[in-house]
$ cat target-v2.cif   # mmCIF, C-alpha atoms
data_structure
#
loop_
_atom_site.label_atom_id
_atom_site.label_comp_id
_atom_site.auth_asym_id
_atom_site.auth_seq_id
_atom_site.Cartn_x
_atom_site.Cartn_y
_atom_site.Cartn_z
CA MET A 40 28.06 5.50 15.38
CA THR A 41 24.40 4.68 14.63
CA ALA A 42 23.85 2.12 11.86
CA THR A 43 21.06 3.49 9.71
CA LEU A 44 18.55 1.86 7.43
CA LEU A 45 17.08 4.33 4.92
CA VAL A 46 13.50 3.68 3.78
CA VAL A 47 12.19 5.02 0.47
CA ASP A 48 8.43 4.64 0.00
CA ALA A 49 7.88 6.13 -3.46
CA GLY A 50 4.37 6.55 -4.84
CA SER A 51 3.23 8.01 -8.13
CA ALA A 52 2.87 11.54 -6.75
CA SER A 53 4.86 11.64 -3.51
CA VAL A 54 7.66 9.96 -1.61
CA LYS A 55 7.99 9.11 2.09
CA LEU A 56 11.53 8.98 3.39
CA ALA A 57 12.47 7.55 6.77
CA ALA A 58 15.56 6.50 8.69
CA TYR A 59 15.72 3.67 11.20
CA ASP A 60 18.36 2.74 13.74
CA ILE A 61 19.27 -0.93 13.46
CA ARG A 62 21.94 -1.84 15.98
CA GLY A 63 22.34 -5.35 14.55
CA LEU A 64 23.64 -3.94 11.28
CA ASP A 65 27.04 -3.38 12.87
CA ALA A 66 27.47 -7.12 13.26
CA ILE A 67 25.95 -7.80 9.86
CA SER A 68 28.21 -5.38 8.01
CA LEU A 69 31.26 -6.98 9.66
CA ARG A 70 29.93 -10.49 8.95
CA LEU A 71 29.97 -11.32 12.64
CA PRO A 72 27.43 -13.66 14.22
CA PRO A 73 24.54 -11.39 15.31
CA SER A 74 23.82 -11.57 19.02
CA PRO A 75 20.28 -12.33 20.30
CA ALA A 76 20.00 -8.71 21.45
CA ALA A 77 21.00 -7.40 18.03
CA ASN A 78 18.54 -9.73 16.31
CA ALA A 79 15.76 -8.54 18.60
CA ALA A 80 16.61 -4.91 17.84
CA THR A 81 16.46 -5.41 14.09
CA GLN A 82 13.03 -7.04 14.35
CA ASN A 83 11.54 -3.76 15.59
CA PRO A 84 13.68 -0.95 14.15
CA ARG A 85 13.49 2.43 15.85
CA ARG A 86 12.56 5.29 13.55
CA ILE A 87 14.79 8.33 13.96
CA ALA A 88 13.57 10.59 11.15
CA ARG A 89 11.00 10.86 8.38
CA ALA A 90 9.66 13.22 5.72
CA HIS A 91 6.89 13.28 3.12
CA GLU A 92 7.52 15.13 -0.14
CA GLN A 93 5.43 15.75 -3.25
CA LEU A 94 7.06 14.72 -6.52
CA PRO A 95 7.43 17.26 -9.34
CA ASP A 96 6.07 16.67 -12.84
CA GLU A 97 9.40 17.34 -14.53
CA GLN A 98 13.15 16.97 -13.88
CA GLN A 99 12.44 14.21 -11.40
CA SER A 100 15.99 12.85 -11.14
CA ILE A 101 17.31 16.27 -10.12
CA ALA A 102 14.47 16.76 -7.65
CA PHE A 103 14.92 13.26 -6.15
CA ASN A 104 18.59 13.99 -5.53
CA ALA A 105 17.80 17.30 -3.84
CA MET A 106 15.08 15.72 -1.67
CA LEU A 107 17.29 12.91 -0.49
CA ASN A 108 20.32 15.07 0.25
CA SER A 109 18.16 17.56 2.11
CA PHE A 110 16.64 14.76 4.21
CA LEU A 111 20.06 13.35 5.07
CA GLU A 112 21.53 16.75 5.94
CA GLN A 113 18.58 17.99 7.99
CA ASN A 114 18.57 14.84 10.10
CA ALA A 115 22.37 14.43 10.31
CA ILE A 116 22.25 10.97 8.74
CA GLY A 117 25.64 9.84 7.52
CA ASP A 118 26.02 6.11 8.16
CA VAL A 119 23.54 4.45 5.81
CA ARG A 120 24.16 0.69 5.80
CA ALA A 121 21.18 -0.35 3.62
CA VAL A 122 18.22 1.12 1.76
CA ALA A 123 14.73 -0.42 1.66
CA HIS A 124 12.49 0.45 -1.30
CA ARG A 125 8.77 -0.08 -1.64
CA ILE A 126 8.24 -1.81 -4.99
CA VAL A 127 4.60 -1.84 -6.03
CA HIS A 128 4.66 -4.87 -8.34
CA GLY A 129 6.72 -8.02 -8.01
CA GLY A 130 4.97 -10.04 -10.70
CA ILE A 131 5.20 -13.81 -10.49
CA SER A 132 8.97 -13.84 -9.94
CA PHE A 133 9.12 -11.80 -6.70
CA SER A 134 7.03 -13.06 -3.80
CA ALA A 135 9.38 -12.06 -0.96
CA SER A 136 11.69 -9.17 -0.11
CA CYS A 137 15.19 -9.39 -1.61
CA VAL A 138 18.40 -7.53 -2.37
CA LEU A 139 18.28 -5.86 -5.77
CA ASP A 140 21.05 -6.76 -8.20
CA ALA A 141 21.31 -5.98 -11.92
CA THR A 142 19.31 -9.09 -12.88
CA ALA A 143 16.48 -8.25 -10.49
CA GLU A 144 16.36 -4.64 -11.70
CA ARG A 145 16.06 -5.77 -15.32
CA ALA A 146 13.21 -8.10 -14.36
CA LEU A 147 11.40 -5.29 -12.56
CA LEU A 148 11.90 -2.92 -15.46
CA ALA A 149 10.15 -5.47 -17.66
CA LEU A 150 7.17 -5.32 -15.28
CA SER A 151 6.82 -1.54 -15.60
CA GLU A 152 3.89 -1.79 -17.99
CA LEU A 153 1.91 -3.50 -15.21
CA ALA A 154 2.35 -0.53 -12.85
CA PRO A 155 3.38 2.38 -15.11
CA LEU A 156 2.66 5.05 -12.49
CA HIS A 157 4.90 3.49 -9.85
CA LEU A 158 7.65 1.11 -10.97
CA PRO A 159 9.71 3.51 -13.13
CA ILE A 160 9.80 6.04 -10.29
CA ALA A 161 10.80 3.40 -7.73
CA LEU A 162 13.62 2.17 -9.96
CA ASP A 163 14.84 5.75 -10.38
CA TRP A 164 15.16 5.93 -6.59
CA VAL A 165 17.07 2.64 -6.53
CA ARG A 166 19.58 3.95 -9.06
CA LEU A 167 19.92 7.27 -7.22
CA CYS A 168 20.57 5.58 -3.87
CA ARG A 169 23.15 3.27 -5.41
CA ALA A 170 24.92 6.26 -6.96
CA ILE A 171 24.95 8.18 -3.65
CA PHE A 172 25.80 5.38 -1.22
CA GLY A 173 27.89 3.17 -3.48
CA PRO A 174 27.58 -0.41 -4.72
CA ASP A 175 28.41 -2.00 -1.37
CA VAL A 176 25.28 -0.62 0.33
CA PRO A 177 22.50 -3.15 -0.37
CA GLN A 178 19.33 -1.89 -2.05
CA ILE A 179 16.47 -4.02 -0.74
CA ALA A 180 13.15 -4.42 -2.55
CA VAL A 181 10.02 -4.89 -0.43
CA PHE A 182 7.05 -5.79 -2.61
CA ASP A 183 3.51 -4.53 -2.17
CA THR A 184 2.28 -7.68 -3.88
CA ALA A 185 4.09 -10.12 -1.55
CA PHE A 186 1.39 -9.91 1.15
CA PHE A 187 -1.01 -11.50 -1.34
CA ALA A 188 1.33 -14.07 -2.88
CA ALA A 189 -0.60 -16.99 -1.35
CA LEU A 190 -4.16 -15.86 -2.08
CA PRO A 191 -6.55 -18.80 -2.51
CA ALA A 192 -6.78 -19.90 -6.14
CA VAL A 193 -10.42 -18.81 -6.41
CA ALA A 194 -9.41 -15.27 -5.46
CA GLN A 195 -6.21 -15.34 -7.50
CA ARG A 196 -7.32 -16.47 -10.95
CA TYR A 197 -9.34 -14.95 -13.76
CA ALA A 198 -11.80 -16.95 -15.87
CA ILE A 199 -9.77 -16.70 -19.06
CA PRO A 200 -8.06 -19.53 -20.98
CA LEU A 201 -5.42 -21.33 -18.95
CA ASP A 202 -2.83 -21.10 -21.71
CA LEU A 203 -3.10 -17.30 -21.66
CA GLN A 204 -2.68 -17.26 -17.90
CA LYS A 205 0.41 -19.47 -18.02
CA THR A 206 2.03 -17.91 -21.09
CA HIS A 207 1.68 -14.32 -19.93
CA GLY A 208 1.89 -14.74 -16.16
CA VAL A 209 -1.64 -13.50 -15.61
CA ARG A 210 -3.12 -13.65 -12.12
CA ARG A 211 -4.62 -11.34 -9.51
CA PHE A 212 -1.61 -10.02 -7.60
CA GLY A 213 -3.16 -7.55 -5.14
CA PHE A 214 -1.50 -4.30 -4.07
CA HIS A 215 -1.16 -2.02 -1.01
CA GLY A 216 0.20 -5.08 0.77
CA LEU A 217 2.40 -3.03 3.09
CA ALA A 218 -0.56 -0.91 4.19
CA HIS A 219 -2.83 -3.92 4.80
CA ASP A 220 0.01 -5.67 6.65
CA SER A 221 0.40 -2.59 8.85
CA MET A 222 -3.35 -2.47 9.61
CA LEU A 223 -3.39 -6.20 10.40
CA ARG A 224 -0.52 -5.80 12.87
CA ARG A 225 -2.28 -2.90 14.59
CA ILE A 226 -5.51 -4.86 15.03
CA GLN A 227 -3.61 -7.88 16.33
CA HIS A 228 -2.08 -5.53 18.92
CA LEU A 229 -5.38 -3.80 19.75
CA ARG A 230 -7.44 -7.01 19.92
CA PRO A 231 -5.18 -9.71 21.39
CA ASP A 232 -8.31 -11.59 22.45
CA LEU A 233 -9.05 -12.41 18.80
CA ASP A 234 -7.15 -15.33 17.28
CA ARG A 235 -4.45 -13.61 15.14
CA GLY A 236 -6.78 -10.64 14.75
CA GLY A 237 -9.88 -12.62 13.84
CA ARG A 238 -11.84 -11.86 10.67
CA ILE A 239 -10.73 -8.44 9.44
CA ILE A 240 -11.77 -6.24 6.54
CA SER A 241 -9.09 -3.59 6.00
CA LEU A 242 -9.60 -0.49 3.88
CA GLN A 243 -6.68 1.51 2.48
CA LEU A 244 -8.30 4.69 1.16
CA GLY A 245 -5.99 7.30 -0.34
CA GLY A 246 -5.19 8.34 -3.88
CA GLY A 247 -5.34 4.63 -4.65
CA CYS A 248 -7.94 2.56 -2.79
CA SER A 249 -8.18 -1.11 -1.92
CA ILE A 250 -10.01 -3.42 0.46
CA THR A 251 -8.81 -6.78 1.78
CA ALA A 252 -10.47 -9.70 3.57
CA ILE A 253 -8.14 -11.29 6.15
CA ASP A 254 -8.94 -14.44 8.16
CA ARG A 255 -6.73 -14.87 11.22
CA GLY A 256 -3.75 -13.19 9.65
CA VAL A 257 -4.11 -14.75 6.18
CA PRO A 258 -5.42 -12.66 3.23
CA GLN A 259 -8.39 -14.34 1.52
CA ASP A 260 -9.24 -11.77 -1.15
CA THR A 261 -8.42 -8.21 -2.16
CA SER A 262 -9.92 -5.72 -4.59
CA MET A 263 -6.87 -4.81 -6.70
CA GLY A 264 -5.94 -7.52 -9.17
CA PHE A 265 -3.57 -7.88 -12.13
CA SER A 266 -2.81 -4.17 -11.84
CA PRO A 267 -3.59 -1.46 -9.28
CA LEU A 268 -6.50 -0.41 -11.52
CA GLU A 269 -9.03 -3.06 -10.48
CA GLY A 270 -11.48 -2.71 -7.61
CA LEU A 271 -12.70 0.41 -5.83
CA VAL A 272 -13.27 3.86 -7.30
CA MET A 273 -10.09 5.86 -6.66
CA SER A 274 -8.86 9.41 -7.03
CA THR A 275 -8.19 9.21 -10.77
CA ARG A 276 -8.54 5.45 -11.42
CA SER A 277 -11.79 3.86 -12.55
CA GLY A 278 -11.71 0.69 -10.50
CA ASP A 279 -13.93 -2.16 -11.72
CA ILE A 280 -15.10 -1.72 -15.29
CA ASP A 281 -16.63 -3.94 -17.98
CA ALA A 282 -13.86 -5.04 -20.35
CA GLY A 283 -16.42 -4.85 -23.13
CA LEU A 284 -16.48 -1.08 -22.71
CA LEU A 285 -12.78 -0.95 -23.56
CA THR A 286 -13.13 -2.94 -26.77
CA PHE A 287 -16.15 -0.77 -27.62
CA LEU A 288 -14.04 2.40 -27.27
CA GLU A 289 -11.29 0.82 -29.39
CA ARG A 290 -13.72 -0.02 -32.20
CA THR A 291 -15.98 3.03 -32.18
CA ALA A 292 -13.81 5.87 -30.86
CA GLY A 293 -10.43 4.72 -32.14
CA PHE A 294 -8.86 4.58 -28.67
CA THR A 295 -5.33 3.19 -28.58
CA ALA A 296 -4.01 1.11 -25.68
CA GLU A 297 -2.03 4.15 -24.50
CA ARG A 298 -5.12 6.37 -24.58
CA LEU A 299 -7.17 3.81 -22.67
CA GLU A 300 -4.46 3.49 -20.02
CA ARG A 301 -4.37 7.25 -19.56
CA VAL A 302 -8.15 7.59 -19.32
CA LEU A 303 -8.53 4.72 -16.84
CA ASN A 304 -5.52 5.63 -14.68
CA MET A 305 -5.38 9.43 -14.83
CA GLU A 306 -8.76 10.80 -15.93
CA SER A 307 -11.35 8.58 -14.25
CA GLY A 308 -12.40 7.86 -10.66
CA LEU A 309 -13.45 10.81 -8.53
CA LEU A 310 -11.90 13.23 -11.02
CA GLY A 311 -13.76 11.80 -13.97
CA LEU A 312 -17.09 11.54 -12.16
CA SER A 313 -16.98 15.03 -10.66
CA GLY A 314 -15.25 16.89 -13.47
CA LEU A 315 -13.71 18.88 -10.63
CA SER A 316 -11.00 17.04 -8.68
CA GLY A 317 -9.72 13.68 -7.56
CA ASP A 318 -9.07 15.10 -4.08
CA MET A 319 -11.76 14.01 -1.61
CA ARG A 320 -11.24 17.17 0.46
CA THR A 321 -12.14 19.34 -2.52
CA LEU A 322 -15.22 17.27 -3.31
CA LEU A 323 -16.48 17.33 0.29
CA ALA A 324 -16.21 21.13 0.29
CA SER A 325 -17.96 21.48 -3.06
CA LYS A 326 -21.68 22.17 -3.62
CA SER A 327 -21.54 20.58 -7.07
CA VAL A 328 -24.14 17.90 -7.85
CA ASP A 329 -21.50 15.93 -9.76
CA ALA A 330 -19.10 16.11 -6.82
CA GLU A 331 -21.80 14.80 -4.50
CA PHE A 332 -22.56 11.93 -6.85
CA ALA A 333 -18.86 11.05 -7.13
CA ILE A 334 -18.68 10.68 -3.34
CA GLU A 335 -21.90 8.64 -3.31
CA LEU A 336 -20.59 6.18 -5.91
CA TYR A 337 -17.21 5.98 -4.17
CA CYS A 338 -18.88 5.01 -0.86
CA TYR A 339 -21.38 2.68 -2.52
CA ARG A 340 -18.65 0.67 -4.23
CA ILE A 341 -16.77 0.26 -0.93
CA ARG A 342 -19.93 -0.78 0.93
CA LYS A 343 -20.67 -3.37 -1.78
CA TYR A 344 -17.19 -4.87 -1.37
CA ILE A 345 -17.57 -4.96 2.43
CA GLY A 346 -20.74 -7.02 2.03
CA ALA A 347 -19.01 -9.39 -0.38
CA TYR A 348 -16.05 -9.85 1.94
CA ILE A 349 -18.25 -10.56 4.94
CA ALA A 350 -19.57 -13.45 2.86
CA VAL A 351 -16.00 -14.53 1.97
CA LEU A 352 -14.99 -14.55 5.64
CA GLY A 353 -18.22 -16.12 6.92
CA GLY A 354 -18.73 -13.21 9.30
CA ILE A 355 -16.78 -10.20 10.56
CA ASP A 356 -14.98 -9.18 13.75
CA VAL A 357 -13.21 -5.96 12.74
CA ILE A 358 -13.35 -3.29 10.04
CA VAL A 359 -10.28 -1.04 9.93
CA PHE A 360 -9.74 2.20 8.00
CA GLY A 361 -6.35 3.55 6.93
CA GLY A 362 -4.88 5.90 4.32
CA GLY A 363 -5.36 9.61 3.77
CA VAL A 364 -9.14 9.46 3.23
CA GLY A 365 -9.67 6.55 5.60
CA GLU A 366 -7.86 8.30 8.44
CA HIS A 367 -8.96 11.90 7.90
CA ALA A 368 -12.53 11.91 6.51
CA PRO A 369 -15.19 11.04 9.13
CA GLU A 370 -18.02 11.91 6.73
CA VAL A 371 -16.77 9.40 4.19
CA ARG A 372 -16.43 6.64 6.81
CA GLU A 373 -19.97 7.34 8.03
CA ARG A 374 -21.39 7.22 4.52
CA ILE A 375 -19.59 3.97 3.75
CA LEU A 376 -21.00 2.23 6.83
CA ALA A 377 -24.51 3.72 6.63
CA GLY A 378 -27.23 1.07 6.95
CA MET A 379 -24.86 -1.75 7.94
CA GLU A 380 -26.44 -2.44 11.31
CA TRP A 381 -27.73 -5.70 9.81
CA CYS A 382 -24.23 -7.17 10.08
CA GLY A 383 -23.45 -5.77 13.53
CA VAL A 384 -21.75 -2.51 12.47
CA THR A 385 -22.95 0.40 14.60
CA LEU A 386 -20.98 3.63 14.41
CA ASP A 387 -20.46 5.95 17.36
CA HIS A 388 -20.88 9.30 15.64
CA ASP A 389 -18.96 11.33 18.24
CA ARG A 390 -16.02 8.95 18.20
CA ASN A 391 -16.03 8.90 14.42
CA ASP A 392 -16.07 12.68 14.18
CA ALA A 393 -13.18 12.95 16.64
CA ALA A 394 -11.02 10.46 14.72
CA ARG A 395 -9.27 12.62 12.16
CA GLY A 396 -5.96 10.90 11.63
CA THR A 397 -3.96 12.13 14.60
CA GLU A 398 -0.43 10.85 14.08
CA GLU A 399 0.46 7.68 15.96
CA THR A 400 -3.10 7.38 17.35
CA ASP A 401 -5.61 4.58 16.84
CA ALA A 402 -9.30 5.16 17.49
CA ARG A 403 -12.23 2.82 17.88
CA ILE A 404 -15.22 4.48 16.20
CA SER A 405 -17.87 1.76 16.65
CA SER A 406 -20.43 1.65 19.42
CA SER A 407 -19.27 -0.11 22.58
CA GLN A 408 -22.34 -2.34 22.40
CA GLY A 409 -21.79 -3.37 18.78
CA PRO A 410 -20.46 -6.87 18.04
CA VAL A 411 -18.17 -5.60 15.26
CA ASP A 412 -15.21 -3.36 16.05
CA VAL A 413 -14.53 -0.47 13.67
CA TRP A 414 -11.11 1.18 13.97
CA VAL A 415 -9.19 4.04 12.40
CA VAL A 416 -5.44 3.41 12.54
CA ALA A 417 -2.35 5.31 11.43
CA VAL A 418 -0.90 3.17 8.63
CA ASP A 419 2.87 2.86 8.97
CA GLU A 420 4.26 1.36 5.76
CA GLY A 421 7.74 2.54 6.74
CA ALA A 422 7.81 0.23 9.76
CA VAL A 423 6.82 -2.74 7.58
CA LEU A 424 9.54 -1.82 5.07
CA ALA A 425 12.11 -1.57 7.84
CA ARG A 426 11.16 -4.92 9.41
CA GLU A 427 11.24 -6.67 6.04
CA ALA A 428 14.62 -5.18 5.13
CA ALA A 429 16.04 -6.11 8.52
CA GLY A 430 14.91 -9.69 7.93
CA VAL A 431 16.72 -9.77 4.58
CA LEU A 432 19.88 -8.44 6.19
CA ARG A 433 19.71 -10.98 9.03
CA GLY A 434 19.36 -13.71 6.44
CA ARG A 435 22.44 -12.47 4.58
CA ALA A 436 24.41 -12.40 7.83
CA ASN A 437 23.43 -15.95 8.70
CA ASP A 438 24.33 -17.12 5.19
CA ASN A 439 27.82 -15.65 5.63
CA LEU A 440 28.55 -17.42 8.89
#
$ encode --input "target-v2.cif" --output "C-alpha cells"
Amino acid sequence: MTATLLVVDAGSASVKLAAYDIRGLDAISLRLPPSPAANAATQNPRRIARAHEQLPDEQQSIAFNAMLNSFLEQNAIGDVRAVAHRIVHGGISFSASCVLDATAERALLALSELAPLHLPIALDWVRLCRAIFGPDVPQIAVFDTAFFAALPAVAQRYAIPLDLQKTHGVRRFGFHGLAHDSMLRRIQHLRPDLDRGGRIISLQLGGGCSITAIDRGVPQDTSMGFSPLEGLVMSTRSGDIDAGLLTFLERTAGFTAERLERVLNMESGLLGLSGLSGDMRTLLASKSVDAEFAIELYCYRIRKYIGAYIAVLGGIDVIVFGGGVGEHAPEVRERILAGMEWCGVTLDHDRNDAARGTEETDARISSSQGPVDVWVVAVDEGAVLAREAAGVLRGRANDNL
C-alpha cells in the first residue's frame, strides 16, 4: 500500500491540498533503519494528487472537513502517514520545520496577531487533520519565515530601541519563503552554470506580493518584514507606509488598532487605490483612470525594489517571476521591467506574451542577447512542503534507531 504524505497549504482565501507518495515512510513508521533507496525517494516525493479550493467566509470548520474528505475520496487516498502544513509565521521560536505538539500549537496561537489572516486558519487545519487521522499521525509545520531566518543583521533589524526589539521579539522575519525557495531551486536547475543560481531577484506576485534578493542560494533581503504587510503594494494590503500616518489617523480620526489593521490588510493596496477590485485581472480589463493608476503604482513600487536589490547584490544575473500575477500577467511583467535596459534587462516581447503560466512550464522571457536572464516559473510550494516534511520524518526515524 502507498504511504502518503498529505500537504495542506492554507492561505487567507484559499487552500491547496496535495498528496505525495513517500516510500521511505514505511520504514519510518515501523521504526526500521531507512535504506539508501528509501531516503533518496523521500528527498524528492512524487506528487499523486492535488486540488485548489476557495475558502468560504463562514462555517469554515464544516467547509474544511468537506473539502478534505472530498479530496481524499476523489483521489482514493486512505493511507496518510503524515501531514505537512504551511505555517506563515514562526516568530523567533520556530526557524526550522518541526512536528507540532500541544506546546508548539500554543506558541503558534500566541503569534496569531502577527499574521491574523493566516495563522488561525492554518491551526484550524492542523486540528481538523489530527481529528480525522488520529494523534499518531504527525502534523508537521513548515514555516514560511524559515527561509529568511539567517538574514544579515542589517536586513533583519529595525532602527528602534534595542530593549523594545529584545523584549517583544521584534525583527524582520520575511514571508513567502516556500515560494522563494521554489523559485531559487528552479533557477538553480535552469542555470547550472551559475554558482548556486548566482545573484537572483525573485518576485512572488499574487494576492500577497514580495520580492527577495538571493546571493548564491542565500537570502540577503526581502520586502516583507515583521508582518506580511510590509513591502510591495498587494491586492488588499498597503505595503510600505509611513508609521506617522498611522499615529495621525489614531489622533485625528479616532482609529483603533483593530480598525487600522483592517484598513491596511483588507481595504488598501490595489483595492483601495482603484476603488474597484484587488484582482489584477479585473483592473487590467477596466477602463477606469483609478484602476490604471493602481497598476502603475503597483509596478513602480516593484521596479523601485528591483533597483534597490541590484545594489544589495552588487549586480544581477537572474530575475524570476512567480505567483498568480507573476505567472499569468505579461502586461504587468512588461510594465515592471520597462526602462531597465540600463542594468542589462531586455525583454523579448513575444516570449513574454506567450508565457502565461502554463502548468509545469518555465519560460525565459528575456532577450537572448541580454546579460540578465528573466524567467517565469511555476511556483510549487507543495513540493517544498513535502521535501521539508520528509526531512523531519527522516530525522525522527534516525533518532529512533
$ resolve_selection --input "target-v2.cif" --expression "the PyMOL selection byres ((chain A and resi 321) around 12)" --output "JSON, numbers by chain"
{"A": [274, 309, 310, 313, 314, 315, 316, 317, 318, 319, 320, 322, 323, 324, 325, 326, 327, 330, 331, 333, 334, 364, 368]}
$ closest_residue --input "target-v2.cif" --among "A:Ala422, A:Ala146, A:Ile240, A:Cys382" --to "Ile341 (chain A)" --atoms "only C-alpha atoms"
A:Ile240
$ closest_residue --input "target-v2.cif" --among "A:Thr261, A:Phe294, A:Leu229, A:Asp234" --to "Val415 (chain A)" --atoms "all atoms listed in the file"
A:Leu229
$ resolve_selection --input "target-v2.cif" --expression "the PyMOL selection byres ((chain A and resi 361) around 8)" --output "short mmCIF file (atom, residue, chain, number, x, y, z; two decimals) with C-alpha atoms, keeping the file's coordinate frame"
data_model
loop_
_atom_site.label_atom_id
_atom_site.label_comp_id
_atom_site.auth_asym_id
_atom_site.auth_seq_id
_atom_site.Cartn_x
_atom_site.Cartn_y
_atom_site.Cartn_z
CA ALA A 218 -0.56 -0.91 4.19
CA MET A 222 -3.35 -2.47 9.61
CA SER A 241 -9.09 -3.59 6.00
CA LEU A 242 -9.60 -0.49 3.88
CA GLN A 243 -6.68 1.51 2.48
CA LEU A 244 -8.30 4.69 1.16
CA VAL A 359 -10.28 -1.04 9.93
CA PHE A 360 -9.74 2.20 8.00
CA GLY A 362 -4.88 5.90 4.32
CA GLY A 363 -5.36 9.61 3.77
CA VAL A 364 -9.14 9.46 3.23
CA GLY A 365 -9.67 6.55 5.60
CA GLU A 366 -7.86 8.30 8.44
CA VAL A 415 -9.19 4.04 12.40
CA VAL A 416 -5.44 3.41 12.54
CA ALA A 417 -2.35 5.31 11.43
CA VAL A 418 -0.90 3.17 8.63
#
$ closest_residue --input "target-v2.cif" --among "A:Gly283, A:Thr295, A:Leu386, A:Ile355" --to "Ser407 (chain A)" --atoms "only C-alpha atoms"
A:Leu386
$ closest_residue --input "target-v2.cif" --among "A:Ala170, A:Gly378, A:Leu150, A:Ala141" --to "Asn104 (chain A)" --atoms "all atoms listed in the file"
A:Ala170
$ closest_residue --input "target-v2.cif" --among "A:Ala90, A:Val431, A:Gly236, A:Glu152" --to "Cys137 (chain A)" --atoms "only C-alpha atoms"
A:Val431
$ atom_distance --input "target-v2.cif" --atom1 "CA of Glu373 (chain A)" --atom2 "CA of Asp392 (chain A)"
9.0 Å
$ closest_residue --input "target-v2.cif" --among "A:Thr275, A:Ile349, A:Glu289, A:Arg342" --to "Arg301 (chain A)" --atoms "all atoms listed in the file"
A:Thr275
$ resolve_selection --input "target-v2.cif" --expression "the PyMOL selection byres ((chain A and resi 391) around 12)" --output "VMD selection string"
chain A and resid 360 365 to 374 376 385 to 390 392 to 396 401 to 406 413 to 415
$ residues_around --input "target-v2.cif" --residues "Arg89 (chain A)" --least-positions-apart "6" --cutoff "7 Å" --atoms "only C-alpha atoms" --output "PyMOL selection string"
chain A and resi 56-58
$ residues_near_point --input "target-v2.cif" --point "(-0.7, -15.7, -10.6)" --cutoff "7 Å" --atoms "all atoms listed in the file" --output "mmCIF file with C-alpha atoms, in the frame of the given file"
data_model
loop_
_atom_site.group_PDB
_atom_site.id
_atom_site.type_symbol
_atom_site.label_atom_id
_atom_site.label_comp_id
_atom_site.auth_asym_id
_atom_site.auth_seq_id
_atom_site.Cartn_x
_atom_site.Cartn_y
_atom_site.Cartn_z
ATOM 1 C CA ILE A 131 5.200 -13.810 -10.490
ATOM 2 C CA GLN A 195 -6.210 -15.340 -7.500
ATOM 3 C CA ARG A 196 -7.320 -16.470 -10.950
ATOM 4 C CA GLY A 208 1.890 -14.740 -16.160
ATOM 5 C CA VAL A 209 -1.640 -13.500 -15.610
ATOM 6 C CA ARG A 210 -3.120 -13.650 -12.120
ATOM 7 C CA ARG A 211 -4.620 -11.340 -9.510
ATOM 8 C CA PHE A 212 -1.610 -10.020 -7.600
#
$ atom_distance --input "target-v2.cif" --atom1 "CA of Tyr339 (chain A)" --atom2 "CA of Ser262 (chain A)"
14.4 Å
$ atom_distance --input "target-v2.cif" --atom1 "CA of Ala425 (chain A)" --atom2 "CA of Val122 (chain A)"
9.0 Å
$ residues_around --input "target-v2.cif" --residues "Gly353 (chain A)" --least-positions-apart "2" --cutoff "12 Å" --atoms "all atoms listed in the file" --output "list of chain:residue names"
A:Gly237, A:Arg238, A:Ile239, A:Ile240, A:Ala252, A:Ile253, A:Asp254, A:Gln259, A:Gly346, A:Ala347, A:Tyr348, A:Ile349, A:Ala350, A:Val351, A:Ile355, A:Asp356, A:Cys382
$ residues_around --input "target-v2.cif" --residues "His157 (chain A)" --least-positions-apart "4" --cutoff "12 Å" --atoms "only C-alpha atoms" --output "JSON list (two decimals) with C-alpha atoms, keeping the file's coordinate frame"
[["chain", "number", "residue", "atom", "x", "y", "z"],
["A", 48, "ASP", "CA", 8.43, 4.64, 0.00],
["A", 49, "ALA", "CA", 7.88, 6.13, -3.46],
["A", 50, "GLY", "CA", 4.37, 6.55, -4.84],
["A", 51, "SER", "CA", 3.23, 8.01, -8.13],
["A", 52, "ALA", "CA", 2.87, 11.54, -6.75],
["A", 53, "SER", "CA", 4.86, 11.64, -3.51],
["A", 54, "VAL", "CA", 7.66, 9.96, -1.61],
["A", 94, "LEU", "CA", 7.06, 14.72, -6.52],
["A", 124, "HIS", "CA", 12.49, 0.45, -1.30],
["A", 125, "ARG", "CA", 8.77, -0.08, -1.64],
["A", 126, "ILE", "CA", 8.24, -1.81, -4.99],
["A", 127, "VAL", "CA", 4.60, -1.84, -6.03],
["A", 128, "HIS", "CA", 4.66, -4.87, -8.34],
["A", 129, "GLY", "CA", 6.72, -8.02, -8.01],
["A", 147, "LEU", "CA", 11.40, -5.29, -12.56],
["A", 148, "LEU", "CA", 11.90, -2.92, -15.46],
["A", 150, "LEU", "CA", 7.17, -5.32, -15.28],
["A", 151, "SER", "CA", 6.82, -1.54, -15.60],
["A", 152, "GLU", "CA", 3.89, -1.79, -17.99],
["A", 153, "LEU", "CA", 1.91, -3.50, -15.21],
["A", 161, "ALA", "CA", 10.80, 3.40, -7.73],
["A", 162, "LEU", "CA", 13.62, 2.17, -9.96],
["A", 163, "ASP", "CA", 14.84, 5.75, -10.38],
["A", 164, "TRP", "CA", 15.16, 5.93, -6.59],
["A", 182, "PHE", "CA", 7.05, -5.79, -2.61],
["A", 183, "ASP", "CA", 3.51, -4.53, -2.17],
["A", 214, "PHE", "CA", -1.50, -4.30, -4.07],
["A", 247, "GLY", "CA", -5.34, 4.63, -4.65],
["A", 266, "SER", "CA", -2.81, -4.17, -11.84],
["A", 267, "PRO", "CA", -3.59, -1.46, -9.28],
["A", 304, "ASN", "CA", -5.52, 5.63, -14.68]]
$ residues_around --input "target-v2.cif" --residues "Met273 (chain A)" --least-positions-apart "3" --cutoff "9 Å" --atoms "only C-alpha atoms" --output "PyMOL selection string"
chain A and resi 244-249+268+270+276-278+307-310+317+337
$ write_last_selection --input "target-v2.cif" --atoms "C-alpha atoms" --output "CSV table (one decimal), in the coordinates of the input"
chain,number,residue,atom,x,y,z
A,244,LEU,CA,-8.3,4.7,1.2
A,245,GLY,CA,-6.0,7.3,-0.3
A,246,GLY,CA,-5.2,8.3,-3.9
A,247,GLY,CA,-5.3,4.6,-4.6
A,248,CYS,CA,-7.9,2.6,-2.8
A,249,SER,CA,-8.2,-1.1,-1.9
A,268,LEU,CA,-6.5,-0.4,-11.5
A,270,GLY,CA,-11.5,-2.7,-7.6
A,276,ARG,CA,-8.5,5.4,-11.4
A,277,SER,CA,-11.8,3.9,-12.6
A,278,GLY,CA,-11.7,0.7,-10.5
A,307,SER,CA,-11.4,8.6,-14.2
A,308,GLY,CA,-12.4,7.9,-10.7
A,309,LEU,CA,-13.4,10.8,-8.5
A,310,LEU,CA,-11.9,13.2,-11.0
A,317,GLY,CA,-9.7,13.7,-7.6
A,337,TYR,CA,-17.2,6.0,-4.2
